[in-house]
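One structure below.
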Amino acid sequence: MELRIKPTSEYKKTSIDETLKLLETTESGLTGTDVKNRLGIFGHNAIEEKRGNPLLEFVRRYWGPMPWLLELAMALSFTLKHNIEGIIIFVLLTVNAIIGFMHSRGSQKAVELLKQRLAIKAKVLRDGDWSMVDAGGIVPGDIIVVKLGDIVPADAKIISGDISIDESALTGESLPVESRDLDTIYSGSVVRRGEARCVVVNTGANTYFGKTAELVKIAKPKSHQEEIMLAIVKYMMYLGIAASIIVAIYAFTIHESILLILTFAVIFLMGAVPVALPAVLTIVQAATGMKLAEEGILVTRLDSIEDAASISILCLDKTGTITQNKLSVADSIPFSGYTKEDVVTIANLASRAEGMDLIDTAIIDYAKSIGANHSSQKQISYTPFNPSIKRTEAVIENNGNQYKAIKGAAQIVIPMCVGIDKSVLDLANKTIENLSEKGYRTIAVAKSEDGDFDNMKLVGFLPLADPPRPDSKTMIEEARKLGVKSIMLTGDNISISKEIAQQVGIGDKIIRLKDIEGLSEDEQAKIASESDGFAEIYPEDKYKIVRLLQSRGLMVGMTGDGVNDAPALKQAEMGIAVSNATDVAKASASVVLTEPGVSVIVEAIKRSRETYQRMLTWVINKVTKVIQVVGLLTIGFFMMREMVLSLLGMSLLVFANDFVTMSLATDNVKHTDNPNKWDVKNITLASLIIGALLVVEGVIAIIGGVSYFHLSFPKLQTFIMLMLVFTSQFRVLIVRERNFFWSSFPGKALLASSSGSIIAFILLGVYGIFMPALTLQQVMAALGFSAVFTLAIDIPKYYSFKLFGL
């Protein structure tokens with residue numbers, strides 16, 4: 001019988017035996033040889049992604065509002081027989097396109113390599129052994145186990161088990177689907193409850209929905225930073241258009257030609273258009289992404305790492321984030337006449353190794369270590385842990401009799417027990433309190449008696465140790481120094497929550513959400529923001545807490561590792577999944593840690609703030625440049641009745657300025673000790689002061705060129721162009737530093753590009769390349785004047801930045 005592909009729908013009505021026969025497999029799974037052969041037949045469990053044509057991707061960089069403007073200027077230059085200017089503009093466009101394209105492709109390759117680390121894992125039975133394999137290597141006929149939090153890796157038919165499946169990502173249906181023996185489940189759906197053993201029926205392109213669910217989206221949403229920068233640029237364009245109208249009206253009154261007016265308009269708009277913005281953004285993003293990758297941080301949603309600069313609250317899930325989530329049983333404490341071994345045995349019977357649950361594994365390992373024997377007892381049924389009930393249950397058969405065994409959170413299990421004396425209850429509560437104060441997590445164990453499953457008796461407690469991560473306390477302290485408040489979120493009781501919170505330095509103001517439920521939303525949000533954490537909360541509460549904090553205008557970061565953290569991770573401005581997080585948590589998060597530990601979270605915040613500072617420098621530099629150029633050309637036209645800067649001069653100025661602004665992407669910057677927020681009004685006002693002073697510099701240069709050097713008008717244009725080029729290099733050096741310019745050393749790339757531009761334009765000016773030549777004295781006068789005047793502006797710059805809080 002030849003193995004062939006059948007649609008998933010055809011397996012719905014087949015029995016398990018028929019399905020196994022059709023797939024030529026057994027409940028014992030496939031062999032390694034079978035898997036190899038089937039990979040050759042069916043291929044890997046993945047959908048080939050459609051790759052963009054690199055050539056078309058490059059050509060698209062010549063298409064869009066900003067390239068159009070330069071292309072208009074280029075066409076006008078050729079029309080006016082200014083061929084050199086046209087060629088320079090084309091080179092400018094092409095250089096920007098090449099740099100942006102190269103960095104973009106390099107960044108994509110880096111992200112693709114890192115994305116492989118996030119591949120969905122699946123538990124598969126092969127050659128008689130269970131093992132974790134990449135979902136891409138699953139083939140039809142494989143026997144798999146799916147449990148709470150897993151993303152179903154392929155279309156499969158349930159052999160045994162009872163699970164609740166969320167298919168919303170595939171069908172849009174928000175209600176979960178209850179699935180059990182013989183039902184079919186689909187690739188990309190999420191297990192919300194339970195556990196099941198399944199046989200894979202289809203993989204990859206052959207799945208029912210024709211595709212696998214992607215965990216990580218490479219698509220780049222428009223970031224808040226980009227929107228703000230484009231808004232500022234838009235206003236600068238308005239300034240350029242307004243100045244063009246004023247100059248055009250004046251030009252018409254003095255009977256200037258329409259071509260002169262059009263040329264003037266293009267020069268104005270060239271001064272306002274952010275030619276380098278796409279390349280700068282690409283380089284900044286690539287540089288930041290690569291730096292974070294070196295720290296073990298994978299950014300899956302770009303705008304989130306930029307938002308991290310503004311985060312003031314960091315919500316930390318306790319288990320698995322603050323603590324190691326590596327549980328071990330410290331002891332067994334019996335109650336109700338049971339022995340220590342009874343507690344361990346019954347807890348062991350209420351566990352299942354197959355589910356790979358951390359608590360189950362810890363108890364099973366402990367039972368083995370003390371030699372607890374339950375060979376005479378057999379587990380008949382098992383209900384795995386569910387966050388909504390916070391316990392596991394099992395029906396056990398012992399010498400023909402059956403009883404129910406449960407284990408779970410003490411606050412859930414104890415109320416289920418009947419007939420507990422007050423003295424025993426007080427002792428139990430005192431024991432839990434003492435264990436909590438020592439940092440233990442207490443699991444209560446109970447069993448039914450007298451054949452009545454509802455007649456539950458408390459068997460005893462198992463204290464579990466889950467110590468804080470070694471780097472948790474340091475990370476929380478460093479975050480506090482950066483103005484970020486840490487808030488702990490946990491389902492554990494309030495005593496152990498306070499103990500852990502104090503151990504890691506969060507504080508002891510731990511509250512319960514139910515304590516503030518009767519208050520207004522504003523009061524709840526205020527108390528939430530002032531607390532150190534929440535204890536005894538349910539999964540949906542984490543999402544509610546994040547929303548409460550955001551309602552006060554706070555930017556929130558959220559860390560987590562489990563399926564119950566997924567809604568909050570998605571809601572937060574920066575959702576961070578730790579390295580051992582479930583598939584669902586990673587899918588919901590915008591940042592995934594690829595290495596153990598949480599100290600790198602602080603690095604992500606610092607890198608984000610450094611990115612903010614680089615882009616703030618770009619914005620300030622852009623605004624001051626536009627004010628300077630537009631202001632000077634407008635005043636210069638009224639003074640000279642001519643354009644004091646030629647189209648060629650503007651092209652060269654943009655060319656020189658672009659190289660410098662691109663190097664800002666890797667400039668040396670200092671992160672701030674407080675969260676950053678974009679304040680367009682204050683940024684514009686501070687830039688206006690600098691720009692206005694630079695206009696004064698330009699007017700003085702015009703007067704000096706005419707009155708002192710007695711330059712002809714073509715040479716005056718050269719002189720003004722050189723002054724603007726030199727000023728642009730020194731201007732970047734002062735606006736890059738929020739303090740006085742000498743407070744930090746510029747990055748090597750910035751220093752090299754500035755020095756190179758200055759030297760190149762000195763030679764162009766002296767030798768008259770592309771422009772009328774000036775004497776060395778005149779060129780050096782332009783350089784010296786630009787340096788002295790621009791660097792002198794550093795003093796009012798410092799005070800204006802301080803005044804407007806930059």
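If you're wondering about the labels, chains in the structure tokens are A, B, ... by order shown, residues count from 1 in each chain, ligands from 1 in order shown.
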**Study point:** Near-stretch 493-507 of chain A list (6 Å; only C-alpha atoms; drop same-chain fewer than 5 positions) as number ranges by chain
**Key:** A: 436-437, 439, 473, 532, 535-536
Dump C-alpha atoms for the selected residues as a short mmCIF file (atom, residue, chain, number, x, y, z; two decimals), in the first residue's frame?
```cif
data_model
loop_
_atom_site.label_atom_id
_atom_site.label_comp_id
_atom_site.auth_asym_id
_atom_site.auth_seq_id
_atom_site.Cartn_x
_atom_site.Cartn_y
_atom_site.Cartn_z
CA SER A 436 5.78 31.14 52.76
CA GLU A 437 7.94 33.34 54.96
CA GLY A 439 10.14 31.47 50.39
CA LYS A 473 17.59 41.65 42.25
CA ASP A 532 4.78 46.92 44.51
CA ALA A 535 -0.81 38.45 44.60
CA GLU A 536 -3.49 35.75 44.26
#
```
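For the pair atom CA of A:Val484 and atom CA of A:Asp515, the interatomic distance is 25.1 Å.
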Exercise for review: Write out as a ChimeraX atom specification the residues lying within 8 Å of stretch 753-770 of chain A, counting only C-alpha atoms and excluding same-chain residues fewer than 3 positions away.
Suggested key: /A:84,648,656,659-660,663,718,722,725-726,729,749-750,773-776,779-780
Practice item. Write out as a PyMOL selection string each polymer residue whose atoms come within 10 Å of A:Lys12, counting only C-alpha atoms; drop sequence neighbours fewer than 2 positions from it. Key: chain A and resi 7-10+14-15+19+156-157+182-185
Mind dumping the selected residues with C-alpha atoms as an mmCIF file, in the first residue's frame?
```cif
data_model
loop_
_atom_site.group_PDB
_atom_site.id
_atom_site.type_symbol
_atom_site.label_atom_id
_atom_site.label_comp_id
_atom_site.auth_asym_id
_atom_site.auth_seq_id
_atom_site.Cartn_x
_atom_site.Cartn_y
_atom_site.Cartn_z
ATOM 1 C CA PRO A 7 -7.179 15.984 2.936
ATOM 2 C CA THR A 8 -7.474 16.469 6.692
ATOM 3 C CA SER A 9 -11.272 16.530 6.416
ATOM 4 C CA GLU A 10 -11.270 12.894 5.251
ATOM 5 C CA THR A 14 -12.186 7.454 10.264
ATOM 6 C CA SER A 15 -11.530 5.430 13.405
ATOM 7 C CA THR A 19 -6.231 6.348 10.558
ATOM 8 C CA ALA A 156 -3.694 15.801 13.842
ATOM 9 C CA LYS A 157 -6.326 13.329 15.085
ATOM 10 C CA LEU A 182 -11.391 10.900 17.419
ATOM 11 C CA ASP A 183 -11.664 14.679 16.890
ATOM 12 C CA THR A 184 -9.364 16.496 14.473
ATOM 13 C CA ILE A 185 -7.273 19.520 15.516
#
```
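Reported to one decimal place, the separation of atom CA of A:Met132 from atom CA of A:Ile364 is 19.6 Å.
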